[in-house]
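File shown: entry.txt (compact mmCIF, C-alpha atoms).
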# COMPACT_ATOMS: atom_id res chain seq x y z
CA MET A 11 29.97 -168.96 64.63
CA LEU A 12 33.60 -168.20 63.81
CA LEU A 13 34.97 -170.91 66.12
CA VAL A 14 32.88 -173.66 64.54
CA GLU A 15 33.72 -172.46 61.04
CA ALA A 16 37.44 -172.51 61.87
CA VAL A 17 37.15 -176.12 63.03
CA LYS A 18 35.08 -177.15 60.02
CA LYS A 19 37.80 -175.84 57.70
CA ARG A 20 40.18 -178.48 58.94
CA TYR A 21 37.67 -181.25 59.65
CA PRO A 22 38.44 -184.11 59.87
CA SER A 23 41.05 -182.95 62.34
CA ASN A 24 44.07 -184.71 60.83
CA ILE A 25 44.27 -182.74 57.58
CA THR A 26 46.73 -179.95 56.89
CA ASN A 27 46.79 -177.25 59.55
CA GLU A 28 45.77 -174.06 57.78
CA MET A 29 47.52 -171.87 60.35
CA GLY A 30 51.03 -172.17 59.01
CA GLY A 31 50.49 -174.59 56.15
CA ASN A 32 52.19 -177.45 57.98
CA ASN A 33 51.48 -180.82 56.44
CA LEU A 34 50.58 -182.53 59.70
CA LYS A 35 49.01 -185.58 58.09
CA LEU A 36 52.13 -186.19 55.99
CA TRP A 37 54.37 -186.09 59.06
CA GLN A 38 52.04 -188.34 61.04
CA ASP A 39 51.84 -190.86 58.19
CA LEU A 40 55.61 -190.94 57.73
CA TYR A 41 56.13 -191.35 61.48
CA ARG A 42 53.85 -194.41 61.50
CA ASP A 43 55.56 -195.81 58.37
CA LYS A 44 52.77 -194.93 55.94
CA TYR A 45 54.35 -193.53 52.79
CA PHE A 46 52.94 -191.53 49.90
CA TYR A 47 55.41 -193.02 47.40
CA GLY A 48 56.31 -196.45 46.08
CA GLY A 49 54.52 -199.76 46.28
CA THR A 50 55.35 -203.39 46.97
CA ASP A 51 58.73 -202.96 45.23
CA ILE A 52 59.84 -200.18 47.62
CA TYR A 53 61.47 -201.10 50.91
CA HIS A 54 61.59 -198.52 53.67
CA LEU A 55 64.27 -197.75 56.24
CA SER A 56 61.79 -196.21 58.75
CA LEU A 57 63.94 -193.06 58.78
CA PRO A 58 61.26 -190.57 59.99
CA SER A 59 60.60 -192.44 63.24
CA ALA A 60 64.32 -193.18 63.66
CA ILE A 61 65.22 -189.48 63.37
CA ALA A 62 62.55 -188.46 65.90
CA THR A 63 63.61 -191.21 68.30
CA GLU A 64 67.32 -190.37 68.16
CA ILE A 65 66.81 -186.63 68.74
CA ALA A 66 64.37 -187.24 71.59
CA ARG A 67 66.59 -189.87 73.22
CA ALA A 68 69.68 -187.63 73.08
CA SER A 69 67.72 -184.71 74.52
CA ILE A 70 66.52 -186.47 77.68
CA ILE A 71 69.31 -188.99 78.31
CA GLU A 72 70.10 -189.02 82.03
CA LEU A 73 67.65 -186.14 82.57
CA ASP A 74 66.93 -185.46 86.23
CA THR A 75 64.16 -182.99 87.01
CA TYR A 76 62.25 -182.26 90.19
CA ILE A 77 60.51 -179.45 92.07
CA GLU A 78 62.15 -177.85 95.06
CA GLU A 79 60.04 -176.85 98.06
CA ALA A 80 56.78 -178.55 97.10
CA SER A 81 54.32 -180.85 98.81
CA ASP A 82 54.49 -184.61 98.29
CA GLY A 83 51.33 -184.43 96.18
CA VAL A 84 52.79 -181.85 93.78
CA ARG A 85 56.05 -183.77 93.50
CA ASP A 86 54.23 -187.04 92.85
CA ASP A 87 52.11 -185.44 90.12
CA TYR A 88 55.17 -183.95 88.45
CA LYS A 89 57.13 -187.20 88.70
CA ARG A 90 54.26 -189.17 87.17
CA ILE A 91 54.03 -186.75 84.25
CA THR A 92 57.78 -186.73 83.59
CA GLU A 93 57.85 -190.54 83.50
CA ASP A 94 56.32 -190.21 80.01
CA ILE A 95 58.70 -187.46 78.91
CA GLY A 96 60.37 -189.74 76.34
CA LYS A 97 57.10 -190.31 74.48
CA ILE A 98 56.09 -186.66 74.81
CA VAL A 99 59.37 -185.31 73.40
CA GLU A 100 59.44 -187.86 70.56
CA PHE A 101 55.91 -186.87 69.49
CA ALA A 102 56.94 -183.19 69.61
CA CYS A 103 59.93 -183.96 67.38
CA ALA A 104 57.87 -185.97 64.89
CA PHE A 105 54.88 -183.59 64.64
CA GLY A 106 56.62 -180.25 65.15
CA GLY A 107 55.06 -179.76 68.56
CA LEU A 108 52.17 -180.67 70.84
CA ILE A 109 50.12 -179.22 73.68
CA LEU A 110 50.30 -180.39 77.30
CA LYS A 111 47.07 -179.66 79.17
CA PRO A 112 46.99 -180.49 82.92
CA PHE A 113 43.66 -181.36 84.54
CA HIS A 114 42.30 -182.60 87.86
CA TYR A 115 42.17 -186.40 88.08
CA LEU A 116 41.05 -188.21 91.24
CA ASP A 117 43.04 -186.63 94.08
CA GLY A 118 45.84 -185.30 91.90
CA VAL A 119 46.73 -183.73 88.58
CA ALA A 120 47.30 -185.52 85.28
CA VAL A 121 48.26 -184.14 81.88
CA ASP A 122 46.55 -184.56 78.52
CA VAL A 123 49.02 -184.91 75.65
CA VAL A 124 47.32 -183.29 72.65
CA THR A 125 48.90 -183.95 69.27
CA PRO A 126 48.36 -181.43 66.42
CA ASP A 127 45.56 -183.49 64.86
CA ALA A 128 43.43 -182.80 67.94
CA PHE A 129 43.64 -179.02 68.34
CA VAL A 130 43.14 -175.87 66.27
CA PRO A 131 45.14 -172.71 67.09
CA LEU A 132 43.06 -169.56 66.68
CA ARG A 133 45.09 -166.69 68.14
CA VAL A 134 48.62 -165.84 69.24
CA ASN A 135 49.96 -162.89 71.24
CA PRO A 136 52.72 -160.48 70.10
CA LEU A 137 55.29 -162.93 71.54
CA ASN A 138 54.01 -165.58 69.11
CA GLU A 139 52.55 -167.63 71.97
CA LEU A 140 49.23 -169.45 71.68
CA GLU A 141 46.40 -167.71 73.55
CA ARG A 142 43.26 -169.17 72.01
CA VAL A 143 42.98 -172.86 71.09
CA VAL A 144 40.17 -175.31 70.40
CA PHE A 145 40.72 -178.89 71.53
CA ILE A 146 38.88 -181.62 69.63
CA ASP A 147 37.63 -184.78 71.35
CA THR A 148 35.62 -187.51 69.61
CA PHE A 149 33.41 -190.31 70.85
CA ILE A 150 31.53 -193.04 68.95
CA GLN A 151 28.22 -194.51 70.11
CA ILE A 152 25.80 -197.04 68.60
CA ASP A 153 22.17 -195.90 68.41
CA GLU A 154 19.03 -198.05 68.78
CA LYS A 155 19.13 -199.00 65.11
CA GLY A 156 22.73 -200.22 65.32
CA LYS A 157 24.16 -197.24 63.43
CA LYS A 158 27.30 -195.43 64.50
CA GLN A 159 26.96 -191.90 65.81
CA TYR A 160 30.05 -189.71 65.85
CA PHE A 161 30.11 -187.19 68.71
CA THR A 162 32.64 -184.35 68.74
CA LYS A 163 33.38 -182.03 71.65
CA LEU A 164 35.03 -178.67 71.03
CA GLU A 165 36.75 -177.31 74.12
CA GLU A 166 37.78 -173.72 73.61
CA HIS A 167 40.46 -172.11 75.80
CA ASP A 168 40.51 -168.33 75.44
CA PHE A 169 43.14 -166.45 77.48
CA THR A 170 43.24 -162.69 77.96
CA PRO A 171 45.13 -160.68 80.60
CA ASN A 172 41.89 -160.05 82.47
CA CYS A 173 40.08 -163.38 82.39
CA TYR A 174 40.24 -166.94 81.08
CA PHE A 175 37.30 -168.63 79.38
CA ILE A 176 36.77 -172.37 78.85
CA ARG A 177 33.80 -173.16 76.59
CA ASN A 178 32.46 -176.61 75.69
CA MET A 179 30.23 -177.49 72.73
CA ALA A 180 29.12 -180.88 71.42
CA PHE A 181 28.11 -182.03 67.92
CA VAL A 182 26.75 -185.25 66.47
CA SER A 183 27.11 -186.67 62.97
CA GLU A 184 26.51 -189.91 61.08
CA SER A 185 29.91 -189.57 59.40
CA SER A 186 33.45 -189.24 60.75
CA PHE A 187 34.12 -186.71 57.97
CA SER A 188 31.56 -184.17 59.16
CA LEU A 189 31.26 -182.13 62.34
CA GLY A 190 27.48 -182.48 62.22
CA LEU A 191 24.83 -180.66 64.19
CA PRO A 192 24.95 -179.22 67.73
CA CYS A 193 23.76 -181.48 70.54
CA PRO A 194 23.69 -181.36 74.38
CA LEU A 195 26.88 -182.25 76.27
CA SER A 196 24.78 -184.78 78.18
CA SER A 197 24.48 -186.85 74.97
CA VAL A 198 27.78 -188.49 75.97
CA GLU A 199 28.04 -189.80 79.52
CA VAL A 200 31.63 -188.71 80.08
CA TRP A 201 30.74 -185.13 79.08
CA GLU A 202 27.46 -184.72 80.95
CA ASN A 203 29.01 -182.99 84.00
CA LEU A 204 30.95 -180.45 81.96
CA ASP A 205 29.92 -176.77 82.07
CA GLU A 206 29.22 -174.98 78.81
CA GLU A 207 31.32 -172.03 79.98
CA ILE A 208 33.77 -171.41 82.81
CA LYS A 209 35.32 -168.03 83.64
CA ILE A 210 38.55 -167.90 85.64
CA GLU A 211 40.13 -164.67 86.83
CA GLY A 212 43.64 -163.93 88.05
CA LEU A 213 45.58 -166.15 85.65
CA THR A 214 48.81 -164.90 84.12
CA HIS A 215 49.23 -167.76 81.63
CA PRO A 216 46.92 -170.20 79.81
CA LEU A 217 46.13 -173.57 81.38
CA PHE A 218 48.07 -175.33 78.66
CA VAL A 219 51.58 -175.19 77.24
CA TYR A 220 52.83 -175.72 73.71
CA LEU A 221 56.03 -177.82 73.48
CA LYS A 222 57.51 -176.77 70.16
CA TYR A 223 60.27 -178.41 68.16
CA PRO A 224 62.72 -175.49 67.85
CA GLN A 225 63.44 -175.75 64.12
CA HIS A 226 62.35 -172.61 62.30
CA ASN A 227 59.24 -173.00 60.16
CA ASN A 228 60.27 -172.35 56.55
CA LEU A 229 56.79 -173.28 55.26
CA ASP A 230 55.30 -170.21 56.93
CA TRP A 231 57.71 -168.03 58.88
CA HIS A 232 54.77 -166.18 60.52
CA SER A 233 53.35 -169.35 62.05
CA PRO A 234 53.76 -170.20 65.76
CA ILE A 235 53.39 -173.89 64.91
CA GLY A 236 56.58 -175.92 64.70
CA MET A 237 57.90 -178.17 61.95
CA SER A 238 58.68 -181.87 62.17
CA CYS A 239 62.32 -182.72 62.82
CA PHE A 240 62.41 -184.54 59.46
CA ALA A 241 60.25 -182.08 57.46
CA ARG A 242 63.13 -180.68 55.43
CA ALA A 243 64.43 -184.15 54.55
CA VAL A 244 61.26 -185.74 53.14
CA ALA A 245 62.57 -185.77 49.55
CA LEU A 246 65.93 -187.17 50.69
CA ILE A 247 64.15 -189.85 52.74
CA GLN A 248 62.31 -190.92 49.60
CA GLU A 249 65.60 -191.07 47.67
CA ALA A 250 67.18 -193.16 50.45
CA ASP A 251 64.28 -195.62 50.45
CA GLU A 252 64.51 -195.99 46.68
CA GLN A 253 68.27 -196.52 46.88
CA PHE A 254 67.78 -199.12 49.61
CA SER A 255 65.22 -200.86 47.39
CA ARG A 256 67.82 -201.02 44.59
CA ILE A 257 70.16 -202.78 47.01
CA ILE A 258 67.48 -205.30 47.96
CA TRP A 259 66.77 -205.90 44.27
CA GLU A 260 70.50 -206.32 43.58
CA TYR A 261 70.70 -209.12 46.14
CA THR A 262 67.44 -210.70 44.96
CA GLY A 263 68.31 -210.46 41.25
CA SER A 264 71.79 -211.93 41.70
CA GLU A 265 70.73 -215.02 43.63
CA LEU A 266 72.43 -218.17 42.43
CA ALA A 267 70.34 -220.05 39.85
CA ILE A 268 70.76 -222.71 37.18
CA ASP A 269 69.34 -222.20 33.69
CA ALA A 270 68.15 -225.57 32.35
CA ASP A 271 65.75 -227.08 29.82
CA LEU A 272 62.59 -228.98 30.67
CA THR A 273 64.31 -232.35 30.74
CA ALA A 274 66.40 -231.22 33.70
CA LEU A 275 63.35 -230.38 35.80
CA LYS A 276 61.34 -232.77 37.93
CA LYS A 277 58.24 -233.73 35.93
CA GLY A 278 58.62 -230.52 33.93
CA ALA A 279 57.55 -228.36 36.91
CA MET A 280 59.31 -225.21 38.00
CA PRO A 281 61.07 -225.65 41.37
CA VAL A 282 60.04 -223.79 44.53
CA HIS A 283 61.60 -222.90 47.90
CA GLY A 284 64.89 -224.76 48.45
CA GLU A 285 64.89 -226.19 44.90
CA ARG A 286 64.40 -222.87 43.15
CA LEU A 287 67.95 -222.88 41.80
CA PHE A 288 66.61 -224.21 38.48
CA ARG A 289 64.98 -221.88 35.96
CA ASN A 290 63.11 -223.22 32.95
CA LEU A 291 64.51 -222.04 29.58
CA GLY A 292 61.91 -223.94 27.56
CA THR A 293 62.57 -226.66 24.97
CA GLY A 294 64.52 -224.63 22.42
CA VAL A 295 67.89 -225.88 23.69
CA SER A 296 69.66 -229.21 23.46
CA ASP A 297 68.57 -231.97 25.79
CA GLY A 298 70.25 -231.92 29.18
CA PHE A 299 71.50 -228.36 28.82
CA TYR A 300 72.15 -226.34 31.95
CA GLN A 301 74.22 -223.31 32.87
CA VAL A 302 75.01 -221.77 36.26
CA PHE A 303 73.76 -218.18 36.75
CA SER A 304 75.88 -216.46 39.41
CA PRO A 305 76.55 -212.77 38.63
CA SER A 306 78.70 -210.54 40.81
CA ILE A 307 76.95 -208.19 43.24
CA ARG A 308 77.49 -204.43 42.93
CA ASP A 309 76.68 -203.81 46.56
CA SER A 310 79.69 -201.62 47.38
CA ALA A 311 78.73 -198.83 44.98
CA LEU A 312 75.07 -199.03 45.94
CA PHE A 313 75.78 -198.95 49.67
CA ASN A 314 78.12 -196.02 49.19
CA GLY A 315 75.35 -194.11 47.40
CA LEU A 316 72.92 -194.93 50.24
CA ASN A 317 75.46 -193.85 52.83
CA GLN A 318 75.95 -190.48 51.15
CA LEU A 319 72.18 -189.94 51.15
CA LEU A 320 72.01 -190.81 54.85
CA ARG A 321 74.81 -188.37 55.60
CA ARG A 322 72.92 -185.65 53.73
CA ILE A 323 69.78 -186.45 55.78
CA GLU A 324 71.85 -186.20 58.97
CA PHE A 325 73.12 -182.78 57.87
CA VAL A 326 69.67 -181.43 56.98
CA CYS A 327 68.08 -182.75 60.21
CA GLY A 328 70.85 -181.44 62.47
CA LEU A 329 72.29 -184.85 63.37
CA SER A 330 75.95 -185.76 63.65
CA TYR A 331 77.44 -188.13 61.10
CA GLY A 332 77.22 -191.79 62.03
CA ILE A 333 73.79 -191.71 63.70
CA LEU A 334 72.03 -192.95 60.56
CA SER A 335 74.95 -193.49 58.20
CA ASP A 336 77.71 -196.07 58.46
CA ALA A 337 79.69 -195.25 61.61
CA SER A 338 82.92 -196.41 59.95
CA GLU A 339 82.48 -193.67 57.34
CA GLN A 340 82.31 -190.75 59.73
CA ALA A 341 84.04 -187.44 59.24
CA LYS A 342 87.69 -187.97 58.41
CA THR A 343 89.19 -184.74 59.78
CA ALA A 344 89.15 -183.47 63.35
CA THR A 345 87.52 -180.22 62.22
CA GLU A 346 84.71 -182.06 60.41
CA MET A 347 84.15 -184.33 63.42
CA LYS A 348 83.96 -181.33 65.74
CA MET A 349 81.50 -179.50 63.47
CA SER A 350 79.36 -182.64 63.13
CA ARG A 351 79.24 -183.12 66.89
CA GLN A 352 78.57 -179.41 67.45
CA ARG A 353 75.67 -179.48 64.98
CA PHE A 354 73.92 -182.26 66.88
CA TYR A 355 74.74 -180.57 70.20
CA THR A 356 73.03 -177.39 68.99
CA THR A 357 69.97 -179.36 67.88
CA VAL A 358 69.70 -181.10 71.23
CA THR A 359 70.38 -178.08 73.46
CA ASP A 360 67.77 -176.00 71.58
CA LEU A 361 65.24 -178.76 72.21
CA GLN A 362 66.29 -179.04 75.85
CA HIS A 363 65.60 -175.32 76.24
CA GLU A 364 62.04 -175.89 74.98
CA ILE A 365 61.63 -178.93 77.27
CA LYS A 366 62.78 -176.90 80.27
CA LYS A 367 60.42 -174.04 79.45
CA ALA A 368 57.42 -176.33 78.89
CA PHE A 369 57.86 -178.51 81.96
CA THR A 370 58.54 -175.52 84.18
CA ALA A 371 55.15 -174.22 83.08
CA ILE A 372 53.61 -177.66 83.75
CA ALA A 373 54.99 -177.65 87.30
CA GLN A 374 53.53 -174.19 87.89
CA MET A 375 50.13 -175.34 86.57
CA ILE A 376 50.18 -178.34 88.91
CA GLY A 377 50.73 -175.97 91.83
CA ARG A 378 47.98 -173.66 90.57
CA LEU A 379 45.48 -176.52 90.20
CA ARG A 380 46.34 -177.79 93.67
CA GLN A 381 46.29 -174.21 94.98
CA GLU A 382 49.78 -174.56 96.42
CA GLU A 383 52.97 -172.56 96.18
CA ILE A 384 55.96 -174.35 94.64
CA GLY A 385 59.69 -173.68 94.51
CA SER A 386 62.06 -173.72 91.56
CA VAL A 387 62.05 -176.52 88.99
CA VAL A 388 65.45 -178.17 88.64
CA PHE A 389 66.73 -179.68 85.37
CA SER A 390 69.98 -181.61 84.97
CA PHE A 391 70.82 -182.65 81.38
CA ASP A 392 73.67 -184.90 80.26
CA ASP A 393 76.55 -183.09 78.49
CA SER A 394 78.26 -186.07 76.86
CA LEU A 395 77.20 -184.97 73.36
CA VAL A 396 79.78 -182.22 73.26
CA VAL A 397 82.16 -183.49 75.95
CA ASP A 398 84.02 -186.74 75.38
CA LYS A 399 84.12 -187.79 79.02
CA GLU A 400 86.40 -190.77 78.49
CA SER A 401 89.04 -188.71 76.66
CA GLU A 402 88.69 -185.91 79.19
CA GLN A 403 89.22 -188.37 82.04
CA LYS A 404 92.35 -189.84 80.45
CA THR A 405 93.79 -186.38 79.84
CA MET A 406 93.14 -185.30 83.41
CA LEU A 407 94.65 -188.52 84.78
CA SER A 408 97.83 -187.99 82.76
CA GLU A 409 98.05 -184.45 84.14
CA VAL A 410 97.84 -185.85 87.65
CA ALA A 411 100.63 -188.33 86.85
CA ALA A 412 102.76 -185.48 85.48
CA GLY A 413 102.20 -183.47 88.65
CA LEU A 414 100.39 -180.66 86.84
CA ILE A 415 97.23 -180.86 88.97
CA ARG A 416 96.44 -182.18 92.42
CA PRO A 417 94.93 -185.72 92.65
CA GLU A 418 91.92 -184.54 94.66
CA LEU A 419 90.83 -182.32 91.74
CA TYR A 420 90.68 -185.39 89.52
CA LEU A 421 88.63 -187.29 92.13
CA MET A 422 86.24 -184.33 92.49
CA LYS A 423 85.63 -184.32 88.72
CA ARG A 424 85.51 -188.11 88.39
CA TYR A 425 83.10 -188.88 91.22
CA GLY A 426 81.35 -185.55 91.77
CA VAL A 427 82.44 -185.19 95.40
CA SER A 428 83.60 -182.22 97.45
CA GLU A 429 87.27 -181.39 98.02
CA GLU A 430 87.11 -182.69 101.59
CA GLU A 431 85.57 -185.99 100.45
CA ALA A 432 88.17 -186.30 97.68
CA LYS A 433 91.00 -185.86 100.16
CA THR A 434 89.62 -188.69 102.32
CA MET A 435 89.61 -190.94 99.24
CA LEU A 436 93.32 -190.45 98.65
CA PRO A 437 95.56 -193.26 99.88
CA GLU A 438 97.65 -192.56 102.96
CA VAL A 439 101.29 -191.79 102.28
CA VAL A 440 103.48 -194.28 104.12
CA VAL A 441 106.79 -192.75 105.26
CA SER A 442 109.56 -195.25 106.02
CA ASP A 443 111.45 -194.71 109.30
CA THR A 444 114.41 -196.84 108.18
CA ASP A 445 117.72 -195.06 108.66
CA HIS A 446 119.67 -195.12 105.41
CA GLY A 447 122.59 -193.27 106.88
CA ILE A 448 121.68 -190.03 105.21
CA GLU A 449 121.97 -187.01 107.45
Any chance you could put this one into structure tokens?
Amino acid sequence: MLLVEAVKKRYPSNITNEMGGNNLKLWQDLYRDKYFYGGTDIYHLSLPSAIATEIARASIIELDTYIEEASDGVRDDYKRITEDIGKIVEFACAFGGLILKPFHYLDGVAVDVVTPDAFVPLRVNPLNELERVVFIDTFIQIDEKGKKQYFTKLEEHDFTPNCYFIRNMAFVSESSFSLGLPCPLSSVEVWENLDEEIKIEGLTHPLFVYLKYPQHNNLDWHSPIGMSCFARAVALIQEADEQFSRIIWEYTGSELAIDADLTALKKGAMPVHGERLFRNLGTGVSDGFYQVFSPSIRDSALFNGLNQLLRRIEFVCGLSYGILSDASEQAKTATEMKMSRQRFYTTVTDLQHEIKKAFTAIAQMIGRLRQEEIGSVVFSFDDSLVVDKESEQKTMLSEVAAGLIRPELYLMKRYGVSEEEAKTMLPEVVVSDTDHGIE
């Protein structure tokens, strides 16, 4: 069967995705601080997870999203799903994308967040959208002899304009590295009520949505699968970790110590912990000899080299300077600062576009599963990345003081009120009725 063979090619499920050549396992390992380079002498800055966190946080900061004209049940389902939007977006940034798959749960709708190690894309449409996907679910049981049995369920979603098929198959193996042999779905209690095949008619979109990190895939430009937000900076991340390790070694190697002969040590033993200032030079020196070892530290040059690497990582990953690098060493010219800020703004707004598209589809699926009509999905993103609100406020206030604009316009912008409300906020003008003798 072609479907099973496609899954076996990438089994276990966390190896490289053959559709697009994306090194999913590498990105997942780096995100969880498991590195393919170095050893005990290499110290890591945790840059992959930091990059994913910063991009995700900037993309959803002060995000307000809700469904207009929907029942309380639909709104509650959507609100519950969006409460985890920070985790969902960060995973999409780190892994290049993920699938959101809504399903009935109790009296409502929940969403299954499927990372790339748990699905296999099999077909895309001419718009480069996923139409046929196999989702992989695993379960471990202990048999009568105390041995582990590894059960795997393949859930195929196959969308065509005419009908939608959901097919379920189960397999059992004695090893986690093998798909094994077919077995009944009833072999696992949580799968026993699943149908082997379901046919649904009248759908215009699949019952899942792919949230893709919008960076173009330069590993395979024909692939619909996204790239990790730090994929292009892996080599630079390694260089930064190695440079950071040199700094740690510089501090360790230049610790204050005292070179002395054996007669200066307590009972001839090397000191430990707080007494480790003494280092044994042996007996080939005159009795009572000691010399202070206190070299200068070359940290300035080393930190400067690290900072330049961090700035290069920021550039490659679409971040503005100062997010990872030393904030005091940001762009020196106004033009460079503007370009740096604009680069990060572009990164974030592109991702926000993907978030809006994906969660609009999720809202529509919730309505479809509940068999209810819903209104528009509203998204309100923060714009402070490109707009310096504090500077803008000061400029506008000075314009009011100079009489260039009316005060109520400033209040409307500052507090987000209507013109009528702004006018009521203005202080009353007190006119003196004292006669100064001026006709």
Interface rows for stretch 305-420 of chain A against stretch 74-83 of chain A: nearest pair, Å to one decimal, 10 Å, all atoms listed in the file, as a tab-separated table:
residue	atom	partner	partner_atom	distance
A:Lys366	CA	A:Thr75	CA	9.2
A:Phe369	CA	A:Thr75	CA	9.2
A:Thr370	CA	A:Ile77	CA	9.0
A:Ala373	CA	A:Ile77	CA	7.5
A:Gln374	CA	A:Ile77	CA	9.7
A:Ile376	CA	A:Gly83	CA	9.6
A:Gly377	CA	A:Ala80	CA	8.4
A:Arg380	CA	A:Gly83	CA	8.7
A:Glu382	CA	A:Ala80	CA	8.1
A:Glu383	CA	A:Ala80	CA	7.2
A:Ile384	CA	A:Ala80	CA	4.9
A:Gly385	CA	A:Glu79	CA	4.8
A:Ser386	CA	A:Glu78	CA	5.4
A:Val387	CA	A:Ile77	CA	4.5
A:Val388	CA	A:Thr75	CA	5.2
A:Phe389	CA	A:Thr75	CA	4.5
A:Ser390	CA	A:Asp74	CA	5.1
A:Phe391	CA	A:Asp74	CA	6.8
A:Asp392	CA	A:Asp74	CA	9.0
Tell me, in Å to one decimal, how far atom CA of A:Val99 is from atom CA of A:Thr125.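 A separation of 11.3 Å between them.
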Mind giving me the straight-line distance from atom CA of A:Asp87 to atom CA of A:Thr148 in Å, one decimal?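 Going from atom CA of A:Asp87 over to atom CA of A:Thr148, I get 26.4 Å.
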Excluding A:Ala311 and any residue of its chain fewer than 3 positions from it, enumerate the residues within 12 Å of it, using only C-alpha atoms, and give them as a PyMOL selection string. chain A and resi 253-254+256-257+260+307-308+314-318
For atom CA of A:Lys423 and atom CA of A:Gln362, quote the distance in Å rounded to one decimal. 23.8 Å
Residue nearest A:Arg353 among A:Tyr331, A:Phe175, A:Phe113, A:Tyr223 (counting all atoms listed in the file):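 Of A:Tyr331, A:Phe175, A:Phe113, A:Tyr223, the one nearest A:Arg353 is A:Tyr331, counting all atoms listed in the file.
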Restricting the calculation to only C-alpha atoms, which member of A:Glu154, A:Asp251, A:Glu324, A:Glu141 is positioned closest to A:Ile61?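 Checking each candidate against A:Ile61, we get A:Glu324 as the closest.
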Would you mind telling me which residue in A:Gln151, A:Ser338, A:Asn227, A:Ser330 lies nearest to A:Ser350 when using only C-alpha atoms?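 That would be A:Ser330, the residue with the smallest distance to A:Ser350.
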Taking all atoms listed in the file into account, which of A:Ile333, A:Ala368, A:Val244, A:Ile176 comes nearest A:Leu40? A:Val244
Which polymer residues have any atom within 10 Å of an atom of A:Phe181, counting only C-alpha atoms, with same-chain residues fewer than 6 positions away left out, as a list in words? Thr148, Tyr160, Phe161, Thr162, Lys163, Leu164, Ser188, Leu189, Gly190, Leu191, Pro192, Cys193, Pro194, Leu195 and Ser197 of chain A
